[in-house]
$ cat my_file31.pdb   # PDB, C-alpha atoms
ATOM      1  CA  MET A 598      16.012   1.573  27.177
ATOM      2  CA  SER A 599      13.162  -0.889  26.873
ATOM      3  CA  ARG A 600       9.978   0.464  25.287
ATOM      4  CA  VAL A 601       6.531  -1.062  25.562
ATOM      5  CA  ALA A 602       3.161  -0.051  24.130
ATOM      6  CA  LYS A 603       1.819   0.733  27.593
ATOM      7  CA  ASP A 604       4.233   3.705  27.767
ATOM      8  CA  LEU A 605       1.895   5.467  25.293
ATOM      9  CA  ASP A 606       4.776   7.555  23.963
ATOM     10  CA  LEU A 607       4.172   7.905  20.215
ATOM     11  CA  ARG A 608       7.731   9.143  19.590
ATOM     12  CA  TYR A 609       8.933   5.585  20.205
ATOM     13  CA  PHE A 610       6.114   3.647  18.540
ATOM     14  CA  TRP A 611       8.359   2.109  15.878
ATOM     15  CA  SER A 612      11.004   1.343  18.504
ATOM     16  CA  LEU A 613       8.945  -1.051  20.590
ATOM     17  CA  ASN A 614      10.902  -4.079  21.753
ATOM     18  CA  ALA A 615       8.194  -6.740  21.709
ATOM     19  CA  PHE A 616       6.216  -7.999  18.717
ATOM     20  CA  GLU A 617       3.263  -8.481  21.060
ATOM     21  CA  ASP A 618       3.091  -4.698  21.497
ATOM     22  CA  TYR A 619       2.605  -4.259  17.746
ATOM     23  CA  LEU A 620      -0.081  -6.944  17.753
ATOM     24  CA  LEU A 621      -1.791  -5.232  20.685
ATOM     25  CA  PHE A 622      -1.739  -1.921  18.802
ATOM     26  CA  CYS A 623      -3.143  -3.541  15.648
ATOM     27  CA  PHE A 624      -5.925  -5.185  17.634
ATOM     28  CA  ALA A 625      -6.823  -1.952  19.464
ATOM     29  CA  PHE A 626      -6.726   0.040  16.219
ATOM     30  CA  THR A 627      -8.963  -2.512  14.479
ATOM     31  CA  VAL A 628     -11.488  -2.476  17.326
ATOM     32  CA  LEU A 629     -11.508   1.343  17.365
ATOM     33  CA  CYS A 630     -12.035   1.516  13.594
ATOM     34  CA  ALA A 631     -14.765  -1.132  13.712
ATOM     35  CA  PHE A 632     -16.562   0.759  16.492
ATOM     36  CA  LEU A 633     -16.246   4.057  14.622
ATOM     37  CA  THR A 634     -17.538   2.447  11.424
ATOM     38  CA  LEU A 635     -20.468   0.928  13.287
ATOM     39  CA  LEU A 636     -21.367   4.327  14.734
ATOM     40  CA  LEU A 637     -21.099   6.149  11.402
ATOM     41  CA  LEU A 638     -22.462   3.448   9.110
ATOM     42  CA  ASP A 639     -25.493   5.573   8.185
ATOM     43  CA  SER A 640     -23.336   8.553   7.163
ATOM     44  CA  VAL A 641     -22.940   8.585   3.391
ATOM     45  CA  LEU A 642     -20.008  10.996   3.710
ATOM     46  CA  PHE A 643     -18.162   8.652   6.102
ATOM     47  CA  VAL A 644     -18.792   5.540   4.002
ATOM     48  CA  GLU A 645     -17.764   7.289   0.759
ATOM     49  CA  GLY A 646     -14.691   8.747   2.451
ATOM     50  CA  LEU A 647     -13.689   5.370   3.899
ATOM     51  CA  GLY A 648     -14.124   3.700   0.513
ATOM     52  CA  SER A 649     -12.106   6.381  -1.247
ATOM     53  CA  LEU A 650      -9.360   6.110   1.370
ATOM     54  CA  ALA A 651      -9.229   2.338   0.918
ATOM     55  CA  MET A 652      -8.991   2.756  -2.862
ATOM     56  CA  LEU A 653      -6.230   5.349  -2.454
ATOM     57  CA  PHE A 654      -4.194   3.019  -0.201
ATOM     58  CA  ASP A 655      -4.667   0.211  -2.706
ATOM     59  CA  ALA A 656      -3.595   2.490  -5.546
ATOM     60  CA  ILE A 657      -0.308   3.503  -3.925
ATOM     61  CA  LEU A 658       0.849   0.073  -2.754
ATOM     62  CA  GLY A 659       3.658   0.067  -5.323
ATOM     63  CA  VAL A 660       5.088   3.455  -4.309
ATOM     64  CA  PRO A 661       7.450   2.111  -1.595
ATOM     65  CA  GLN A 662       8.997  -0.280  -4.153
ATOM     66  CA  LEU A 663       9.256   2.536  -6.695
ATOM     67  CA  LEU A 664      11.002   4.789  -4.159
ATOM     68  CA  GLN A 665      13.324   2.049  -2.939
ATOM     69  CA  ASN A 666      14.396   1.300  -6.507
ATOM     70  CA  PHE A 667      15.004   5.010  -7.088
ATOM     71  CA  HIS A 668      17.043   5.487  -3.908
ATOM     72  CA  ASN A 669      19.086   2.318  -4.513
ATOM     73  CA  HIS A 670      19.517   3.049  -8.232
ATOM     74  CA  SER A 671      18.816  -0.627  -8.681
ATOM     75  CA  THR A 672      16.045  -3.161  -9.103
ATOM     76  CA  ARG A 673      18.287  -6.036  -8.044
ATOM     77  CA  GLY A 674      16.317  -8.908  -6.562
ATOM     78  CA  MET A 675      13.027  -7.803  -8.086
ATOM     79  CA  SER A 676      10.979 -10.262 -10.041
ATOM     80  CA  VAL A 677       9.886  -8.879 -13.406
ATOM     81  CA  LYS A 678       7.241 -11.615 -13.571
ATOM     82  CA  MET A 679       5.745 -10.292 -10.331
ATOM     83  CA  VAL A 680       5.566  -6.733 -11.674
ATOM     84  CA  LEU A 681       4.099  -7.945 -14.972
ATOM     85  CA  LEU A 682       1.429  -9.867 -13.044
ATOM     86  CA  TRP A 683       0.710  -6.760 -10.900
ATOM     87  CA  THR A 684       0.325  -4.751 -14.090
ATOM     88  CA  ALA A 685      -1.894  -7.336 -15.774
ATOM     89  CA  GLY A 686      -4.093  -7.574 -12.691
ATOM     90  CA  ASP A 687      -4.387  -3.800 -12.433
ATOM     91  CA  ILE A 688      -5.209  -3.496 -16.146
ATOM     92  CA  PHE A 689      -7.961  -6.121 -15.892
ATOM     93  CA  LYS A 690      -9.315  -4.561 -12.701
ATOM     94  CA  THR A 691      -9.380  -1.070 -14.219
ATOM     95  CA  ALA A 692     -10.987  -2.372 -17.421
ATOM     96  CA  TYR A 693     -13.663  -4.022 -15.287
ATOM     97  CA  PHE A 694     -14.286  -0.728 -13.475
ATOM     98  CA  VAL A 695     -14.570   1.193 -16.747
ATOM     99  CA  MET A 696     -16.814  -1.372 -18.473
ATOM    100  CA  ASN A 697     -19.183  -1.568 -15.501
ATOM    101  CA  ASP A 698     -19.505   2.192 -15.017
ATOM    102  CA  SER A 699     -17.973   2.030 -11.543
ATOM    103  CA  PRO A 700     -17.626   5.276  -9.583
ATOM    104  CA  PHE A 701     -14.999   7.652 -10.951
ATOM    105  CA  GLN A 702     -12.552   7.170  -8.062
ATOM    106  CA  PHE A 703     -12.270   3.449  -8.903
ATOM    107  CA  CYS A 704     -11.172   4.234 -12.458
ATOM    108  CA  VAL A 705      -8.740   6.932 -11.314
ATOM    109  CA  CYS A 706      -7.155   4.704  -8.667
ATOM    110  CA  GLY A 707      -6.854   1.861 -11.177
ATOM    111  CA  ALA A 708      -5.118   4.185 -13.631
ATOM    112  CA  VAL A 709      -2.727   5.332 -10.881
ATOM    113  CA  GLN A 710      -1.887   1.695 -10.109
ATOM    114  CA  ILE A 711      -1.125   1.006 -13.757
ATOM    115  CA  LEU A 712       1.105   4.095 -13.973
ATOM    116  CA  ILE A 713       3.057   3.008 -10.889
ATOM    117  CA  ASP A 714       3.457  -0.516 -12.293
ATOM    118  CA  VAL A 715       4.704   0.868 -15.614
ATOM    119  CA  ALA A 716       7.109   3.182 -13.773
ATOM    120  CA  ILE A 717       8.557   0.178 -11.916
ATOM    121  CA  LEU A 718       8.911  -1.718 -15.201
ATOM    122  CA  LEU A 719      10.696   1.286 -16.687
ATOM    123  CA  GLN A 720      13.033   1.294 -13.698
ATOM    124  CA  VAL A 721      13.875  -2.331 -14.448
ATOM    125  CA  LEU A 722      14.801  -1.344 -18.008
ATOM    126  CA  TYR A 723      16.639   1.810 -16.958
ATOM    127  CA  TYR A 724      18.728   0.225 -14.207
ATOM    128  CA  GLY A 725      19.213  -2.774 -16.512
ATOM    129  CA  GLN A 726      20.436  -5.437 -14.114
ATOM    130  CA  ASP A 727      20.805  -8.795 -15.902
ATOM    131  CA  ILE A 728      17.248  -9.018 -17.261
ATOM    132  CA  GLY A 729      17.707 -12.731 -18.049
ATOM    133  CA  VAL A 730      18.118 -13.533 -14.357
ATOM    134  CA  LYS A 731      15.088 -11.413 -13.435
ATOM    135  CA  LEU A 732      12.840 -13.156 -15.937
ATOM    136  CA  GLY A 733      13.897 -16.632 -14.834
TER
END
$ encode --input "my_file31.pdb" --output "structure tokens"
Amino acid sequence: MSRVAKDLDLRYFWSLNAFEDYLLFCFAFTVLCAFLTLLLLDSVLFVEGLGSLAMLFDAILGVPQLLQNFHNHSTRGMSVKMVLLWTAGDIFKTAYFVMNDSPFQFCVCGAVQILIDVAILLQVLYYGQDIGVKLG
């Protein structure tokens, strides 16, 4: 059965048949969030909550890769260079936060990112798939 966004049936959201429906959803969601932010811009609680939520999402970006590696019992196809660059970037970013007395949640989220990066690197060592190919 063909599904479109106009059906407004959330059970089938990820089963939409047309890419345009996803774009329409993204546009509508962005407009709604922008309107809500504009309305609540003077609320310190809203702004702090939105910032903390953004930091949390940024901090857990590596979790899907970590879980996929775990479920597959493999890191095949992963670039170690990419993970090392993620880790280096997260270390520099967290050091910047600490040295500039940034709010506590910035430092915590940076530390979480580094832990996730290290966990992925440990997976690469543990699953041990031809490390020479991964580095090249």
$ closest_residue --input "my_file31.pdb" --among "A:Asp698, A:Ser649, A:Asp714, A:Val721" --to "Pro661 of chain A" --atoms "only C-alpha atoms"
A:Asp714
$ closest_residue --input "my_file31.pdb" --among "A:Gln720, A:Asn697, A:Thr684, A:Thr691" --to "Phe667 of chain A" --atoms "only C-alpha atoms"
A:Gln720
$ closest_residue --input "my_file31.pdb" --among "A:Thr627, A:Gln662, A:Gln710, A:Thr634" --to "Phe689 of chain A" --atoms "all atoms listed in the file"
A:Gln710
$ closest_residue --input "my_file31.pdb" --among "A:Leu712, A:Cys623, A:Phe703, A:Tyr724" --to "Gly648 of chain A" --atoms "only C-alpha atoms"
A:Phe703
$ atom_distance --input "my_file31.pdb" --atom1 "atom CA of Val715 of chain A" --atom2 "atom CA of Arg673 of chain A"
17.0 Å
$ atom_distance --input "my_file31.pdb" --atom1 "atom CA of Leu664 of chain A" --atom2 "atom CA of Leu681 of chain A"
18.1 Å
